[in-house]
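A.B. asks: This is the content of start09.pdb (PDB, C-alpha atoms, pLDDT in the B column):
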ATOM      1  CA  LEU A 953     -23.276   9.631 -14.261  1.00 54.00           C
ATOM      2  CA  ASN A 954     -25.311  11.116 -11.404  1.00 58.00           C
ATOM      3  CA  ARG A 955     -22.692  10.043  -8.884  1.00 70.00           C
ATOM      4  CA  ILE A 956     -19.828  11.785 -10.735  1.00 68.00           C
ATOM      5  CA  GLN A 957     -19.193  15.196  -9.201  1.00 79.00           C
ATOM      6  CA  ARG A 958     -16.106  17.379  -9.644  1.00 79.00           C
ATOM      7  CA  ALA A 959     -15.270  18.499  -6.049  1.00 83.00           C
ATOM      8  CA  PRO A 960     -12.957  21.380  -7.046  1.00 85.00           C
ATOM      9  CA  SER A 961     -12.059  22.335  -3.440  1.00 87.00           C
ATOM     10  CA  VAL A 962     -10.871  18.817  -2.606  1.00 84.00           C
ATOM     11  CA  TYR A 963      -9.007  18.599  -5.898  1.00 84.00           C
ATOM     12  CA  LYS A 964      -7.253  21.918  -5.236  1.00 89.00           C
ATOM     13  CA  ALA A 965      -6.238  20.825  -1.711  1.00 89.00           C
ATOM     14  CA  ILE A 966      -4.869  17.472  -2.892  1.00 85.00           C
ATOM     15  CA  HIS A 967      -3.034  19.058  -5.801  1.00 86.00           C
ATOM     16  CA  GLY A 968      -1.468  21.537  -3.343  1.00 91.00           C
ATOM     17  CA  ILE A 969      -0.227  18.690  -1.141  1.00 89.00           C
ATOM     18  CA  ILE A 970       1.304  16.917  -4.129  1.00 86.00           C
ATOM     19  CA  THR A 971       2.989  20.114  -5.317  1.00 88.00           C
ATOM     20  CA  ARG A 972       4.526  20.713  -1.875  1.00 92.00           C
ATOM     21  CA  CYS A 973       5.778  17.108  -1.758  1.00 88.00           C
ATOM     22  CA  GLN A 974       7.288  17.403  -5.221  1.00 87.00           C
ATOM     23  CA  ARG A 975       9.105  20.602  -4.230  1.00 90.00           C
ATOM     24  CA  ARG A 976      10.441  19.098  -1.001  1.00 93.00           C
ATOM     25  CA  ILE A 977      11.747  15.855  -2.483  1.00 88.00           C
ATOM     26  CA  GLY A 978      13.055  17.397  -5.689  1.00 85.00           C
ATOM     27  CA  SER A 979      11.911  14.599  -7.999  1.00 75.00           C
ATOM     28  CA  TRP A 980       8.820  12.545  -8.678  1.00 72.00           C
ATOM     29  CA  VAL A 981       8.495   9.096 -10.188  1.00 69.00           C
ATOM     30  CA  GLY A 982       5.440   8.613 -12.364  1.00 68.00           C
ATOM     31  CA  SER A 983       2.379  10.728 -12.914  1.00 71.00           C
ATOM     32  CA  SER A 984       0.928  13.129 -10.370  1.00 73.00           C
ATOM     33  CA  VAL A 985      -2.574  12.852 -11.846  1.00 75.00           C
ATOM     34  CA  VAL A 986      -5.336  12.941  -9.254  1.00 78.00           C
ATOM     35  CA  HIS A 987      -8.443  11.056 -10.308  1.00 77.00           C
ATOM     36  CA  LEU A 988     -11.398  12.925  -8.873  1.00 78.00           C
ATOM     37  CA  GLY A 989     -14.718  13.362 -10.606  1.00 77.00           C
ATOM     38  CA  ASP A 990     -14.065  10.687 -13.245  1.00 77.00           C
ATOM     39  CA  HIS A 991     -14.877   6.995 -13.640  1.00 72.00           C
ATOM     40  CA  ASN A 992     -12.008   5.985 -11.306  1.00 72.00           C
ATOM     41  CA  VAL A 993     -12.964   8.198  -8.377  1.00 76.00           C
ATOM     42  CA  PRO A 994     -16.365   9.704  -9.107  1.00 76.00           C
ATOM     43  CA  ASN A 995     -16.670  12.054  -6.138  1.00 80.00           C
ATOM     44  CA  ALA A 996     -14.943  13.445  -3.050  1.00 79.00           C
ATOM     45  CA  LEU A 997     -16.525  10.911  -0.695  1.00 80.00           C
ATOM     46  CA  MET A 998     -15.021   8.024  -2.649  1.00 78.00           C
ATOM     47  CA  PHE A 999     -11.667   9.837  -2.743  1.00 76.00           C
ATOM     48  CA  ILE A1000     -11.653  10.203   1.039  1.00 78.00           C
ATOM     49  CA  ASP A1001     -12.818   6.603   1.500  1.00 79.00           C
ATOM     50  CA  LYS A1002     -10.015   5.266  -0.684  1.00 77.00           C
ATOM     51  CA  TYR A1003      -7.320   7.095   1.238  1.00 78.00           C
ATOM     52  CA  THR A1004      -8.658   6.177   4.656  1.00 83.00           C
ATOM     53  CA  GLN A1005      -7.731   2.637   3.643  1.00 83.00           C
ATOM     54  CA  VAL A1006      -3.990   3.419   3.599  1.00 85.00           C
ATOM     55  CA  PRO A1007      -3.590   2.581   7.318  1.00 88.00           C
ATOM     56  CA  ARG A1008      -5.417  -0.705   6.711  1.00 88.00           C
ATOM     57  CA  ILE A1009      -2.658  -1.612   4.259  1.00 90.00           C
ATOM     58  CA  LEU A1010       0.322  -0.267   6.166  1.00 92.00           C
ATOM     59  CA  ALA A1011      -0.561  -1.141   9.779  1.00 93.00           C
ATOM     60  CA  PRO A1012      -0.388  -4.935   9.356  1.00 95.00           C
ATOM     61  CA  ILE A1013       2.918  -4.665   7.477  1.00 96.00           C
ATOM     62  CA  VAL A1014       4.397  -2.451  10.192  1.00 96.00           C
ATOM     63  CA  LEU A1015       3.155  -4.757  12.949  1.00 95.00           C
ATOM     64  CA  VAL A1016       4.717  -7.797  11.252  1.00 97.00           C
ATOM     65  CA  ILE A1017       8.024  -5.975  10.738  1.00 98.00           C
ATOM     66  CA  GLU A1018       8.018  -4.966  14.403  1.00 97.00           C
ATOM     67  CA  ALA A1019       7.143  -8.527  15.499  1.00 98.00           C
ATOM     68  CA  ILE A1020       9.975 -10.266  13.622  1.00 98.00           C
ATOM     69  CA  PRO A1021      12.693  -9.631  16.265  1.00 98.00           C
ATOM     70  CA  ASP A1022      10.351 -10.932  18.995  1.00 97.00           C
ATOM     71  CA  LEU A1023       9.470 -14.012  16.930  1.00 98.00           C
ATOM     72  CA  CYS A1024      13.162 -14.740  16.471  1.00 98.00           C
ATOM     73  CA  ARG A1025      13.662 -15.007  20.217  1.00 98.00           C
ATOM     74  CA  ASP A1026      12.139 -18.468  19.906  1.00 98.00           C
ATOM     75  CA  PRO A1027      15.000 -20.810  18.852  1.00 98.00           C
ATOM     76  CA  ALA A1028      12.860 -22.816  16.419  1.00 97.00           C
ATOM     77  CA  LEU A1029      11.461 -19.704  14.719  1.00 98.00           C
ATOM     78  CA  SER A1030      14.905 -18.111  14.657  1.00 98.00           C
ATOM     79  CA  SER A1031      16.267 -21.212  12.922  1.00 98.00           C
ATOM     80  CA  TYR A1032      13.417 -21.059  10.387  1.00 98.00           C
ATOM     81  CA  VAL A1033      13.977 -17.360   9.661  1.00 98.00           C
ATOM     82  CA  ASP A1034      17.739 -17.880   9.373  1.00 98.00           C
ATOM     83  CA  SER A1035      17.477 -20.850   7.013  1.00 98.00           C
ATOM     84  CA  ALA A1036      14.589 -19.548   4.886  1.00 98.00           C
ATOM     85  CA  PHE A1037      15.443 -15.844   4.695  1.00 98.00           C
ATOM     86  CA  GLY A1038      19.015 -15.359   5.918  1.00 98.00           C
ATOM     87  CA  GLY A1039      18.035 -13.884   9.273  1.00 98.00           C
ATOM     88  CA  PRO A1040      15.560 -11.340  10.634  1.00 98.00           C
ATOM     89  CA  GLU A1041      17.177  -8.296   9.035  1.00 98.00           C
ATOM     90  CA  SER A1042      17.164  -9.948   5.605  1.00 98.00           C
ATOM     91  CA  LEU A1043      13.540 -10.966   6.069  1.00 98.00           C
ATOM     92  CA  ILE A1044      12.529  -7.415   6.983  1.00 98.00           C
ATOM     93  CA  LYS A1045      14.352  -6.056   3.932  1.00 98.00           C
ATOM     94  CA  LEU A1046      12.720  -8.712   1.725  1.00 98.00           C
ATOM     95  CA  ILE A1047       9.215  -7.780   2.882  1.00 98.00           C
ATOM     96  CA  LEU A1048       9.803  -4.044   2.521  1.00 97.00           C
ATOM     97  CA  ALA A1049      11.560  -4.351  -0.841  1.00 96.00           C
ATOM     98  CA  ASP A1050       8.748  -6.528  -2.179  1.00 96.00           C
ATOM     99  CA  PHE A1051       6.073  -4.117  -0.990  1.00 95.00           C
ATOM    100  CA  PHE A1052       7.795  -1.010  -2.324  1.00 90.00           C
ATOM    101  CA  ARG A1053       8.657  -2.699  -5.625  1.00 88.00           C
ATOM    102  CA  HIS A1054       5.250  -4.226  -6.334  1.00 87.00           C
ATOM    103  CA  GLY A1055       2.894  -2.176  -4.192  1.00 84.00           C
ATOM    104  CA  PHE A1056       3.306   0.814  -6.500  1.00 77.00           C
ATOM    105  CA  ASP A1057       4.067  -0.765  -9.873  1.00 76.00           C
ATOM    106  CA  GLY A1058       0.877   0.087 -11.760  1.00 71.00           C
ATOM    107  CA  SER A1059      -0.661  -3.360 -11.351  1.00 76.00           C
ATOM    108  CA  GLY A1060      -4.214  -4.147 -10.377  1.00 72.00           C
ATOM    109  CA  ALA A1061      -6.405  -2.441 -12.981  1.00 69.00           C
ATOM    110  CA  ASP A1062      -7.504  -2.975 -16.531  1.00 69.00           C
ATOM    111  CA  ASN A1063      -5.112  -0.468 -18.075  1.00 67.00           C
ATOM    112  CA  PHE A1064      -2.118   1.719 -17.246  1.00 61.00           C
ATOM    113  CA  PHE A1065      -4.141   4.950 -17.065  1.00 61.00           C
ATOM    114  CA  ASP A1066      -6.439   3.508 -14.403  1.00 60.00           C
ATOM    115  CA  ALA A1067      -3.691   1.899 -12.287  1.00 56.00           C
ATOM    116  CA  GLY A1068      -0.558   3.394 -13.673  1.00 55.00           C
ATOM    117  CA  SER A1069       1.700   5.736 -11.816  1.00 56.00           C
ATOM    118  CA  CYS A1070      -0.981   8.238 -10.803  1.00 65.00           C
ATOM    119  CA  ILE A1071      -1.712   8.749  -7.117  1.00 66.00           C
ATOM    120  CA  ASP A1072      -4.901   6.689  -7.220  1.00 68.00           C
ATOM    121  CA  GLY A1073      -3.197   3.978  -9.268  1.00 70.00           C
ATOM    122  CA  ARG A1074      -0.564   3.511  -6.588  1.00 75.00           C
ATOM    123  CA  LEU A1075      -3.307   2.691  -4.100  1.00 80.00           C
ATOM    124  CA  THR A1076      -4.772   0.204  -6.581  1.00 81.00           C
ATOM    125  CA  SER A1077      -1.343  -1.406  -6.911  1.00 84.00           C
ATOM    126  CA  ALA A1078      -0.957  -1.584  -3.134  1.00 87.00           C
ATOM    127  CA  TRP A1079      -4.296  -3.375  -2.822  1.00 87.00           C
ATOM    128  CA  ASN A1080      -3.218  -5.701  -5.624  1.00 88.00           C
ATOM    129  CA  TRP A1081      -0.050  -6.554  -3.638  1.00 92.00           C
ATOM    130  CA  CYS A1082      -2.192  -7.205  -0.558  1.00 93.00           C
ATOM    131  CA  SER A1083      -4.410  -9.592  -2.508  1.00 93.00           C
ATOM    132  CA  LYS A1084      -1.363 -11.737  -3.326  1.00 95.00           C
ATOM    133  CA  ILE A1085       0.131 -11.901   0.185  1.00 96.00           C
ATOM    134  CA  GLU A1086      -0.800 -15.590   0.633  1.00 96.00           C
ATOM    135  CA  LYS A1087       1.504 -16.508  -2.262  1.00 97.00           C
ATOM    136  CA  LYS A1088       4.579 -14.810  -0.757  1.00 97.00           C
ATOM    137  CA  ALA A1089       7.372 -16.956   0.692  1.00 98.00           C
ATOM    138  CA  TYR A1090       7.238 -14.887   3.865  1.00 98.00           C
ATOM    139  CA  TYR A1091       3.472 -15.305   4.384  1.00 98.00           C
ATOM    140  CA  PRO A1092       3.984 -17.866   7.195  1.00 98.00           C
ATOM    141  CA  VAL A1093       5.857 -15.170   9.133  1.00 98.00           C
ATOM    142  CA  PHE A1094       2.853 -12.858   8.733  1.00 97.00           C
ATOM    143  CA  LYS A1095       0.629 -15.580  10.189  1.00 96.00           C
ATOM    144  CA  LEU A1096       3.053 -16.276  13.050  1.00 96.00           C
ATOM    145  CA  ALA A1097       3.012 -12.559  13.856  1.00 96.00           C
ATOM    146  CA  GLY A1098      -0.781 -12.600  14.197  1.00 93.00           C
ATOM    147  CA  PHE A1099      -1.760 -11.318  10.751  1.00 94.00           C
ATOM    148  CA  ALA A1100      -5.415 -11.969   9.947  1.00 91.00           C
ATOM    149  CA  GLY A1101      -5.906  -9.720   6.914  1.00 91.00           C
ATOM    150  CA  PHE A1102      -5.904  -6.191   5.602  1.00 90.00           C
ATOM    151  CA  ASP A1103      -9.438  -5.492   6.822  1.00 79.00           C
ATOM    152  CA  GLY A1104      -8.500  -3.785  10.069  1.00 64.00           C
ATOM    153  CA  ASP A1105      -8.743  -6.905  12.252  1.00 61.00           C
ATOM    154  CA  PHE A1106      -5.056  -7.276  13.072  1.00 58.00           C
ATOM    155  CA  ARG A1107      -4.228  -8.478  16.602  1.00 55.00           C
TER     156      ARG A1107
END
For the file at hand, write its structure as structure tokens.
C.D. replies:
Amino acid sequence: LNRIQRAPSVYKAIHGIITRCQRRIGSWVGSSVVHLGDHNVPNALMFIDKYTQVPRILAPIVLVIEAIPDLCRDPALSSYVDSAFGGPESLIKLILADFFRHGFDGSGADNFFDAGSCIDGRLTSAWNWCSKIEKKAYYPVFKLAGFAGFDGDFR
């Protein structure tokens, strides 16, 4: 309990960002709960640490997506991508659709409140998706593109 601290200034700033986003996009899917000062995110330092991991999730995905056209310049790899995925554009859509469908689905925690549709839960779901990347049909393409993991050691 000693590590749980409220951090009202950080909470207010984050809530303001969410409110502005909600106004701009006009709709919001799921909860806009911000876990801060509870058992999920006990203090502001952990909150900041969690969200500095977003680039560690997204950067490898972006680099793979950007590498697919270059990989397909090789006739053998192009043939593989065409036969296995229907071409580079279909492969890119498959990867992105899978990430956006399952990277924010509320998976990865013990219960829906902890990993549901709240802001923090979406990050938990994204990490859960990352932990299953080796089981994806397109994982060999990640490896061919130079993917080594979601720990910041890409290329």
A.B. asks: Between A:Lys1045, A:Arg955, A:Arg1074, A:Arg1053, which has the minimum distance to Tyr1003 of chain A (counting all atoms listed in the file)?
C.D. replies: A:Arg1074
A.B. asks: Once the PyMOL selection byres ((chain A and resi 1075-1081) around 6) is applied to the coordinates I shared, what remains selected? I want it as a list in words.
C.D. replies: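 On the file shown, the PyMOL selection byres ((chain A and resi 1075-1081) around 6) covers Gly1055, Phe1056, Gly1058, Ser1059, Gly1060, Asp1072, Gly1073, Arg1074, Cys1082, Ser1083 and Lys1084 of chain A.
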A.B. asks: Record the distance separating atom CA of Gln1005 of chain A and atom CA of Gly1101 of chain A, expressed in Å with one decimal.
C.D. replies: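 Going from atom CA of Gln1005 of chain A over to atom CA of Gly1101 of chain A covers 12.9 Å.
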A.B. asks: Give me, as a list in words, all polymer residues having an atom no more than 12 Å from segment 1023-1039 of chain A, counting all atoms listed in the file and skipping those fewer than 3 positions away in the same chain.
C.D. replies: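 Near neighbours after the sequence-gap exclusion: Leu1015, Val1016, Ile1017, Glu1018, Ala1019, Ile1020, Ser1042, Leu1043, Ile1044, Lys1045, Leu1046, Ile1047, Ala1089, Tyr1090, Tyr1091, Pro1092, Val1093, Phe1094, Lys1095, Leu1096, Ala1097 and Gly1098 of chain A.
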A.B. asks: Emit as JSON the padded axis-aligned box for all listed atoms of segment 1025-1044 of chain A, 5 Å per side, with centre and edge lengths in Å to one decimal.
C.D. replies:
{"center_x": 15.2, "center_y": -15.1, "center_z": 12.5, "size_x": 17.6, "size_y": 25.4, "size_z": 25.5}
A.B. asks: Using atom CA of Phe1102 of chain A and atom CA of Ile1009 of chain A as the two end points, give the distance in Å to one decimal.
C.D. replies: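 Spanning atom CA of Phe1102 of chain A to atom CA of Ile1009 of chain A is a straight-line distance of 5.8 Å.
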A.B. asks: For segment 992-999 of chain A, work out the shell of residues within 8 Å, counting only C-alpha atoms and skipping chain neighbours fewer than 3 positions away, then give it as a compact mmCIF listing (two decimals) with C-alpha atoms, keeping the file's coordinate frame.
C.D. replies:
# COMPACT_ATOMS: atom_id res chain seq x y z
CA ARG A 955 -22.69 10.04 -8.88
CA ILE A 956 -19.83 11.78 -10.74
CA GLN A 957 -19.19 15.20 -9.20
CA ARG A 958 -16.11 17.38 -9.64
CA ALA A 959 -15.27 18.50 -6.05
CA VAL A 962 -10.87 18.82 -2.61
CA HIS A 987 -8.44 11.06 -10.31
CA LEU A 988 -11.40 12.92 -8.87
CA GLY A 989 -14.72 13.36 -10.61
CA LYS A 1002 -10.02 5.27 -0.68
CA TYR A 1003 -7.32 7.10 1.24
CA ASP A 1066 -6.44 3.51 -14.40
A.B. asks: How far is it from atom CA of Val1006 of chain A to atom CA of Phe1052 of chain A, in Å with one decimal?
C.D. replies: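 Value for the atom CA of Val1006 of chain A-atom CA of Phe1052 of chain A distance: 13.9 Å.
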A.B. asks: Please provide as a tab-separated table (two decimals) with C-alpha atoms, in the coordinates of the input all residues within 10 Å of segment 968-975 of chain A, with the sequence filter that same-chain residues fewer than 4 positions apart are discarded (counting only C-alpha atoms).
C.D. replies:
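The result, stored in out_8.tsv:
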chain	number	residue	atom	x	y	z
A	962	VAL	CA	-10.87	18.82	-2.61
A	963	TYR	CA	-9.01	18.60	-5.90
A	964	LYS	CA	-7.25	21.92	-5.24
A	979	SER	CA	11.91	14.60	-8.00
A	980	TRP	CA	8.82	12.54	-8.68
A	981	VAL	CA	8.49	9.10	-10.19
A	984	SER	CA	0.93	13.13	-10.37
A	985	VAL	CA	-2.57	12.85	-11.85
A	986	VAL	CA	-5.34	12.94	-9.25
A	1071	ILE	CA	-1.71	8.75	-7.12
A.B. asks: Atoms are missing here; could segment 1031-1045 of chain A be completed with N, CA and C atoms and written as a PDB file, in the frame of the given file?
C.D. replies:
ATOM      1  N   SER A1031      15.639 -20.283  13.873  1.00 98.00           N
ATOM      2  CA  SER A1031      16.267 -21.212  12.922  1.00 98.00           C
ATOM      3  C   SER A1031      15.546 -21.174  11.571  1.00 98.00           C
ATOM      4  N   TYR A1032      14.213 -21.135  11.611  1.00 98.00           N
ATOM      5  CA  TYR A1032      13.417 -21.059  10.387  1.00 98.00           C
ATOM      6  C   TYR A1032      13.726 -19.780   9.613  1.00 98.00           C
ATOM      7  N   VAL A1033      13.721 -18.650  10.309  1.00 98.00           N
ATOM      8  CA  VAL A1033      13.977 -17.360   9.661  1.00 98.00           C
ATOM      9  C   VAL A1033      15.396 -17.315   9.103  1.00 98.00           C
ATOM     10  N   ASP A1034      16.350 -17.848   9.853  1.00 98.00           N
ATOM     11  CA  ASP A1034      17.739 -17.880   9.373  1.00 98.00           C
ATOM     12  C   ASP A1034      17.882 -18.733   8.125  1.00 98.00           C
ATOM     13  N   SER A1035      17.299 -19.935   8.148  1.00 98.00           N
ATOM     14  CA  SER A1035      17.477 -20.850   7.013  1.00 98.00           C
ATOM     15  C   SER A1035      16.660 -20.423   5.789  1.00 98.00           C
ATOM     16  N   ALA A1036      15.459 -19.898   6.017  1.00 98.00           N
ATOM     17  CA  ALA A1036      14.589 -19.548   4.886  1.00 98.00           C
ATOM     18  C   ALA A1036      14.881 -18.160   4.301  1.00 98.00           C
ATOM     19  N   PHE A1037      15.329 -17.233   5.151  1.00 98.00           N
ATOM     20  CA  PHE A1037      15.443 -15.844   4.695  1.00 98.00           C
ATOM     21  C   PHE A1037      16.803 -15.211   4.965  1.00 98.00           C
ATOM     22  N   GLY A1038      17.697 -15.916   5.635  1.00 98.00           N
ATOM     23  CA  GLY A1038      19.015 -15.359   5.918  1.00 98.00           C
ATOM     24  C   GLY A1038      19.062 -14.501   7.166  1.00 98.00           C
ATOM     25  N   GLY A1039      18.062 -14.631   8.019  1.00 98.00           N
ATOM     26  CA  GLY A1039      18.035 -13.884   9.273  1.00 98.00           C
ATOM     27  C   GLY A1039      16.930 -12.846   9.304  1.00 98.00           C
ATOM     28  N   PRO A1040      16.662 -12.299  10.494  1.00 98.00           N
ATOM     29  CA  PRO A1040      15.560 -11.340  10.634  1.00 98.00           C
ATOM     30  C   PRO A1040      15.747 -10.056   9.832  1.00 98.00           C
ATOM     31  N   GLU A1041      16.952  -9.537   9.790  1.00 98.00           N
ATOM     32  CA  GLU A1041      17.177  -8.296   9.035  1.00 98.00           C
ATOM     33  C   GLU A1041      16.942  -8.506   7.539  1.00 98.00           C
ATOM     34  N   SER A1042      17.393  -9.640   7.029  1.00 98.00           N
ATOM     35  CA  SER A1042      17.164  -9.948   5.605  1.00 98.00           C
ATOM     36  C   SER A1042      15.688 -10.136   5.315  1.00 98.00           C
ATOM     37  N   LEU A1043      14.977 -10.762   6.237  1.00 98.00           N
ATOM     38  CA  LEU A1043      13.540 -10.966   6.069  1.00 98.00           C
ATOM     39  C   LEU A1043      12.809  -9.622   6.035  1.00 98.00           C
ATOM     40  N   ILE A1044      13.152  -8.735   6.945  1.00 98.00           N
ATOM     41  CA  ILE A1044      12.529  -7.415   6.983  1.00 98.00           C
ATOM     42  C   ILE A1044      12.793  -6.675   5.669  1.00 98.00           C
ATOM     43  N   LYS A1045      14.025  -6.720   5.201  1.00 98.00           N
ATOM     44  CA  LYS A1045      14.352  -6.056   3.932  1.00 98.00           C
ATOM     45  C   LYS A1045      13.605  -6.688   2.770  1.00 98.00           C
TER      46      LYS A1045
END
